[in-house]
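Have a look at final-v8.cif below; it lists mmCIF, C-alpha atoms and all ligand atoms.
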data_run
loop_
_atom_site.label_atom_id
_atom_site.label_comp_id
_atom_site.auth_asym_id
_atom_site.auth_seq_id
_atom_site.Cartn_x
_atom_site.Cartn_y
_atom_site.Cartn_z
CA MET A 1069 35.10 -57.61 -9.15
CA ASN A 1070 37.44 -55.07 -10.72
CA ASP A 1071 39.92 -55.68 -13.53
CA SER A 1072 43.02 -55.48 -11.39
CA HIS A 1073 41.63 -58.27 -9.31
CA VAL A 1074 40.93 -60.49 -12.30
CA SER A 1075 44.49 -60.05 -13.52
CA ARG A 1076 45.91 -60.72 -10.08
CA LEU A 1077 44.24 -64.14 -9.96
CA LYS A 1078 45.17 -64.87 -13.57
CA GLY A 1079 48.81 -64.17 -12.85
CA SER A 1080 48.93 -65.98 -9.56
CA VAL A 1081 47.29 -69.22 -10.61
CA ARG A 1082 47.73 -70.64 -14.07
CA LEU A 1083 48.27 -73.89 -15.92
CA ILE A 1084 51.77 -74.50 -17.23
CA ASP A 1085 52.27 -76.80 -20.23
CA LEU A 1086 55.35 -78.96 -20.12
CA PRO A 1087 57.15 -80.55 -23.06
CA GLN A 1088 56.15 -84.05 -24.05
CA ILE A 1089 58.40 -86.45 -25.92
CA ARG A 1090 56.05 -88.92 -27.57
CA ASP A 1091 57.44 -92.40 -28.07
CA PRO A 1092 55.88 -95.80 -28.76
CA ARG A 1093 57.82 -96.99 -25.70
CA GLY A 1094 56.02 -94.44 -23.53
CA ASP A 1095 55.82 -90.67 -23.25
CA LEU A 1096 58.34 -88.52 -21.39
CA THR A 1097 57.85 -85.11 -19.79
CA PHE A 1098 60.51 -83.02 -18.07
CA VAL A 1099 60.70 -79.90 -15.93
CA GLU A 1100 63.68 -77.55 -15.59
CA GLY A 1101 63.73 -75.12 -12.69
CA GLY A 1102 63.93 -71.50 -13.84
CA ASN A 1103 63.10 -72.56 -17.41
CA HIS A 1104 59.69 -74.20 -17.66
CA ILE A 1105 58.66 -72.92 -14.28
CA PRO A 1106 59.25 -69.51 -12.72
CA PHE A 1107 61.34 -70.58 -9.70
CA ASP A 1108 64.19 -72.86 -8.75
CA ILE A 1109 62.98 -76.09 -7.22
CA ARG A 1110 64.02 -76.52 -3.59
CA ARG A 1111 61.61 -79.31 -2.68
CA VAL A 1112 59.53 -82.03 -4.30
CA TYR A 1113 56.81 -83.91 -2.47
CA TYR A 1114 54.00 -86.20 -3.51
CA LEU A 1115 50.68 -87.45 -2.22
CA TYR A 1116 49.67 -91.05 -2.81
CA ASN A 1117 47.43 -93.66 -1.15
CA VAL A 1118 44.89 -90.85 -0.89
CA PRO A 1119 41.40 -92.09 0.07
CA VAL A 1120 38.82 -91.02 -2.53
CA ASP A 1121 36.85 -89.08 0.10
CA ALA A 1122 39.91 -87.28 1.55
CA GLU A 1123 40.26 -83.51 1.64
CA ARG A 1124 43.76 -82.10 1.61
CA GLY A 1125 45.23 -78.63 1.53
CA GLY A 1126 43.17 -76.10 3.43
CA HIS A 1127 45.93 -73.56 3.74
CA ALA A 1128 47.84 -70.74 2.04
CA HIS A 1129 51.51 -69.77 2.12
CA ARG A 1130 53.20 -66.52 2.95
CA ASP A 1131 56.06 -66.94 0.47
CA LEU A 1132 55.94 -70.40 -1.07
CA GLU A 1133 55.29 -70.89 -4.78
CA GLN A 1134 54.25 -74.31 -6.00
CA ILE A 1135 53.37 -76.25 -9.11
CA VAL A 1136 50.95 -79.13 -8.67
CA PHE A 1137 50.68 -82.09 -11.04
CA ALA A 1138 48.44 -85.12 -11.30
CA LEU A 1139 51.10 -87.63 -12.32
CA SER A 1140 48.46 -90.34 -12.30
CA GLY A 1141 44.68 -90.22 -11.91
CA SER A 1142 42.91 -86.98 -11.14
CA PHE A 1143 41.74 -84.64 -8.41
CA ARG A 1144 40.18 -81.22 -7.96
CA MET A 1145 41.94 -78.09 -6.73
CA ARG A 1146 39.84 -75.27 -5.36
CA ILE A 1147 41.63 -71.94 -5.44
CA ASP A 1148 40.81 -68.72 -3.61
CA ASP A 1149 42.85 -65.50 -3.61
CA GLY A 1150 40.63 -63.91 -0.96
CA GLU A 1151 38.33 -62.31 -3.53
CA THR A 1152 37.93 -64.73 -6.42
CA LYS A 1153 37.41 -68.47 -6.33
CA SER A 1154 38.08 -70.94 -9.12
CA GLU A 1155 38.60 -74.63 -9.52
CA TYR A 1156 40.77 -76.84 -11.65
CA TRP A 1157 40.54 -80.54 -12.37
CA LEU A 1158 44.05 -81.88 -12.75
CA ARG A 1159 44.34 -85.06 -14.79
CA ASP A 1160 47.07 -84.49 -17.41
CA PRO A 1161 50.67 -85.11 -16.27
CA ARG A 1162 51.91 -82.55 -18.82
CA LYS A 1163 49.97 -79.70 -17.19
CA GLY A 1164 50.98 -78.25 -13.86
CA LEU A 1165 48.98 -75.75 -11.84
CA TYR A 1166 51.20 -72.87 -10.77
CA ILE A 1167 50.09 -71.33 -7.45
CA SER A 1168 51.79 -68.20 -6.21
CA ARG A 1169 52.08 -67.04 -2.61
CA MET A 1170 48.95 -65.97 -0.66
CA ILE A 1171 46.51 -68.29 -2.38
CA TRP A 1172 44.18 -70.53 -0.39
CA ARG A 1173 43.90 -74.05 -1.85
CA GLU A 1174 41.83 -77.11 -1.10
CA MET A 1175 42.05 -80.49 -2.79
CA ASP A 1176 39.48 -83.26 -3.02
CA SER A 1177 37.77 -85.77 -5.34
CA PHE A 1178 40.92 -87.87 -5.71
CA SER A 1179 40.52 -90.78 -8.08
CA GLN A 1180 41.56 -94.24 -6.95
CA GLY A 1181 45.36 -94.48 -7.11
CA ALA A 1182 45.89 -90.78 -7.89
CA VAL A 1183 49.41 -89.44 -7.44
CA CYS A 1184 49.88 -85.69 -6.86
CA MET A 1185 53.40 -84.32 -7.24
CA VAL A 1186 54.29 -80.81 -6.07
CA LEU A 1187 57.36 -78.76 -6.99
CA ALA A 1188 58.05 -76.08 -4.41
CA SER A 1189 60.19 -72.97 -4.26
CA HIS A 1190 61.28 -73.48 -0.64
CA ARG A 1191 61.88 -76.23 1.85
CA TYR A 1192 59.14 -77.15 4.28
CA ASP A 1193 58.53 -74.44 6.89
CA GLU A 1194 55.42 -74.57 9.05
CA ALA A 1195 55.83 -70.84 9.81
CA ASP A 1196 55.11 -70.13 6.14
CA TYR A 1197 51.57 -71.55 6.40
CA TYR A 1198 48.25 -69.83 6.97
CA ARG A 1199 46.08 -72.69 8.22
CA ASP A 1200 43.26 -70.46 9.46
CA TYR A 1201 41.06 -69.09 6.64
CA ASP A 1202 40.03 -65.93 8.49
CA GLU A 1203 43.64 -65.14 9.29
CA PHE A 1204 44.50 -65.62 5.61
CA LEU A 1205 41.64 -63.35 4.54
CA ALA A 1206 42.73 -60.61 6.94
CA ALA A 1207 46.30 -60.84 5.68
CA VAL A 1208 45.46 -60.86 1.99
CA ARG A 1209 43.16 -57.88 2.43
CA GLY A 1210 45.95 -55.99 4.10
CA ARG A 1211 44.83 -56.28 7.66
CA GLY A 1212 46.98 -59.24 8.75
P1 LIG B 1 50.21 -80.30 4.53
O1 LIG B 1 51.04 -79.30 3.78
O2 LIG B 1 49.15 -79.78 5.44
O3 LIG B 1 49.55 -81.34 3.51
P2 LIG B 1 48.44 -81.12 2.37
O4 LIG B 1 48.43 -79.67 2.00
O5 LIG B 1 48.87 -81.99 1.26
O6 LIG B 1 47.14 -81.58 2.92
O7 LIG B 1 51.21 -81.25 5.36
C1 LIG B 1 50.75 -82.40 6.06
C2 LIG B 1 51.80 -82.75 7.10
O8 LIG B 1 53.02 -83.12 6.47
C3 LIG B 1 52.11 -81.61 8.05
O9 LIG B 1 52.28 -82.18 9.35
C4 LIG B 1 53.44 -81.08 7.58
C5 LIG B 1 54.08 -82.28 6.92
N1 LIG B 1 54.93 -81.92 5.77
C6 LIG B 1 56.30 -82.02 5.87
O10 LIG B 1 56.86 -82.42 6.92
N2 LIG B 1 57.07 -81.71 4.78
C7 LIG B 1 56.52 -81.30 3.61
O11 LIG B 1 57.26 -81.00 2.63
C8 LIG B 1 55.09 -81.16 3.53
C9 LIG B 1 54.42 -80.69 2.26
C10 LIG B 1 54.33 -81.50 4.64
#
Could I get this file's structure written as structure tokens?
Ligand code: TYD
Amino acid sequence: MNDSHVSRLKGSVRLIDLPQIRDPRGDLTFVEGGNHIPFDIRRVYYLYNVPVDAERGGHAHRDLEQIVFALSGSFRMRIDDGETKSEYWLRDPRKGLYISRMIWREMDSFSQGAVCMVLASHRYDEADYYRDYDEFLAAVRGRG
């Protein structure tokens, strides 16, 4: 693994800390597009009622950038930029996982009642997906 590759993965996938307003009545966290996160939010979606043995994701995106949060409970995100693999356990609603374009992601090990919220840079577009891993690998290595 060369240095340029390490820095590419570091820049393309990273945890983002959000502000937290502590209060005896309950904590509050907020997100401002273009301020706390590096894109304007064009879509929000969330996963819930996820069976504990479910596997989600299994795709990459041509252009989409996303930030993934565990608003409640926890789950694992497995990340792959075509060269380097890493994994993150999301369980803190103040910490979002930023995922740039051209990153393969898989999600599993959802806790009971987990809620995953995703902020996205574009509206839903099936044409933006790589759902075939080999096709993704060929593209990310410059052959796609
Ligand atoms: P998918 O992105 O594969 O889900 P995940 O990565 O969480 O496993 O999407 C599952 C289905 O939902 C697929 O048929 C596309 C549809 N979908 C939308 O219609 N709009 C959306 O914003 C998203 C994220 C998915």
Contacts to ligand LIG 1 (chain B) at 6 Å cut-off (all atoms listed in the file) as a VMD selection string = chain A and resid 1113 1124 to 1125 1192
Since we have the selection now, will you write its residues out, keeping C-alpha atoms, as a PDB file, in the frame of the given file?
ATOM      1  CA  TYR A1113      56.810 -83.910  -2.470  1.00  0.00           C
ATOM      2  CA  ARG A1124      43.760 -82.100   1.610  1.00  0.00           C
ATOM      3  CA  GLY A1125      45.230 -78.630   1.530  1.00  0.00           C
ATOM      4  CA  TYR A1192      59.140 -77.150   4.280  1.00  0.00           C
TER       5      TYR A1192
END
Counting only C-alpha atoms, which residues of range 1123-1162 of chain A fall within 12 Å of range 1081-1087 of chain A, and what is the closest atom pair for each with its distance in Å at one decimal, ordered by chain and rising number, as CSV?
residue,atom,partner,partner_atom,distance
A:Glu1133,CA,A:Val1081,CA,10.0
A:Gln1134,CA,A:Val1081,CA,9.8
A:Ile1135,CA,A:Ile1084,CA,8.5
A:Val1136,CA,A:Leu1083,CA,9.3
A:Phe1137,CA,A:Leu1083,CA,9.8
A:Met1145,CA,A:Val1081,CA,11.1
A:Arg1146,CA,A:Val1081,CA,10.9
A:Ile1147,CA,A:Val1081,CA,8.1
A:Asp1148,CA,A:Val1081,CA,9.6
A:Asp1149,CA,A:Val1081,CA,9.1
A:Thr1152,CA,A:Val1081,CA,11.2
A:Lys1153,CA,A:Val1081,CA,10.8
A:Ser1154,CA,A:Val1081,CA,9.5
A:Glu1155,CA,A:Val1081,CA,10.3
A:Tyr1156,CA,A:Leu1083,CA,9.1
A:Trp1157,CA,A:Leu1083,CA,10.8
A:Leu1158,CA,A:Leu1083,CA,9.6
A:Arg1159,CA,A:Leu1083,CA,11.9
A:Asp1160,CA,A:Asp1085,CA,9.7
A:Pro1161,CA,A:Leu1086,CA,8.6
A:Arg1162,CA,A:Leu1086,CA,5.1
Create the file for the chosen residues now, containing C-alpha atoms and written as a PDB file, in the frame of the given file.
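Now in again.pdb:
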ATOM      1  CA  GLU A1133      55.290 -70.890  -4.780  1.00  0.00           C
ATOM      2  CA  GLN A1134      54.250 -74.310  -6.000  1.00  0.00           C
ATOM      3  CA  ILE A1135      53.370 -76.250  -9.110  1.00  0.00           C
ATOM      4  CA  VAL A1136      50.950 -79.130  -8.670  1.00  0.00           C
ATOM      5  CA  PHE A1137      50.680 -82.090 -11.040  1.00  0.00           C
ATOM      6  CA  MET A1145      41.940 -78.090  -6.730  1.00  0.00           C
ATOM      7  CA  ARG A1146      39.840 -75.270  -5.360  1.00  0.00           C
ATOM      8  CA  ILE A1147      41.630 -71.940  -5.440  1.00  0.00           C
ATOM      9  CA  ASP A1148      40.810 -68.720  -3.610  1.00  0.00           C
ATOM     10  CA  ASP A1149      42.850 -65.500  -3.610  1.00  0.00           C
ATOM     11  CA  THR A1152      37.930 -64.730  -6.420  1.00  0.00           C
ATOM     12  CA  LYS A1153      37.410 -68.470  -6.330  1.00  0.00           C
ATOM     13  CA  SER A1154      38.080 -70.940  -9.120  1.00  0.00           C
ATOM     14  CA  GLU A1155      38.600 -74.630  -9.520  1.00  0.00           C
ATOM     15  CA  TYR A1156      40.770 -76.840 -11.650  1.00  0.00           C
ATOM     16  CA  TRP A1157      40.540 -80.540 -12.370  1.00  0.00           C
ATOM     17  CA  LEU A1158      44.050 -81.880 -12.750  1.00  0.00           C
ATOM     18  CA  ARG A1159      44.340 -85.060 -14.790  1.00  0.00           C
ATOM     19  CA  ASP A1160      47.070 -84.490 -17.410  1.00  0.00           C
ATOM     20  CA  PRO A1161      50.670 -85.110 -16.270  1.00  0.00           C
ATOM     21  CA  ARG A1162      51.910 -82.550 -18.820  1.00  0.00           C
TER      22      ARG A1162
END
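Compared by their closest atoms to Pro1119 in chain A, and using all atoms listed in the file, the residues A:Val1183, A:Asp1193, A:Phe1178, A:Glu1151 rank with A:Phe1178 nearest.
Relative to CA of Val1208 in chain A, CA of Ile1109 in chain A is found at 25.0 Å.
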task = Point out the residue among A:Pro1092, A:Gly1141, A:Gly1126, A:Pro1106 with the least atom-to-atom distance to Arg1199 in chain A, counting all atoms listed in the file.
result = A:Gly1126
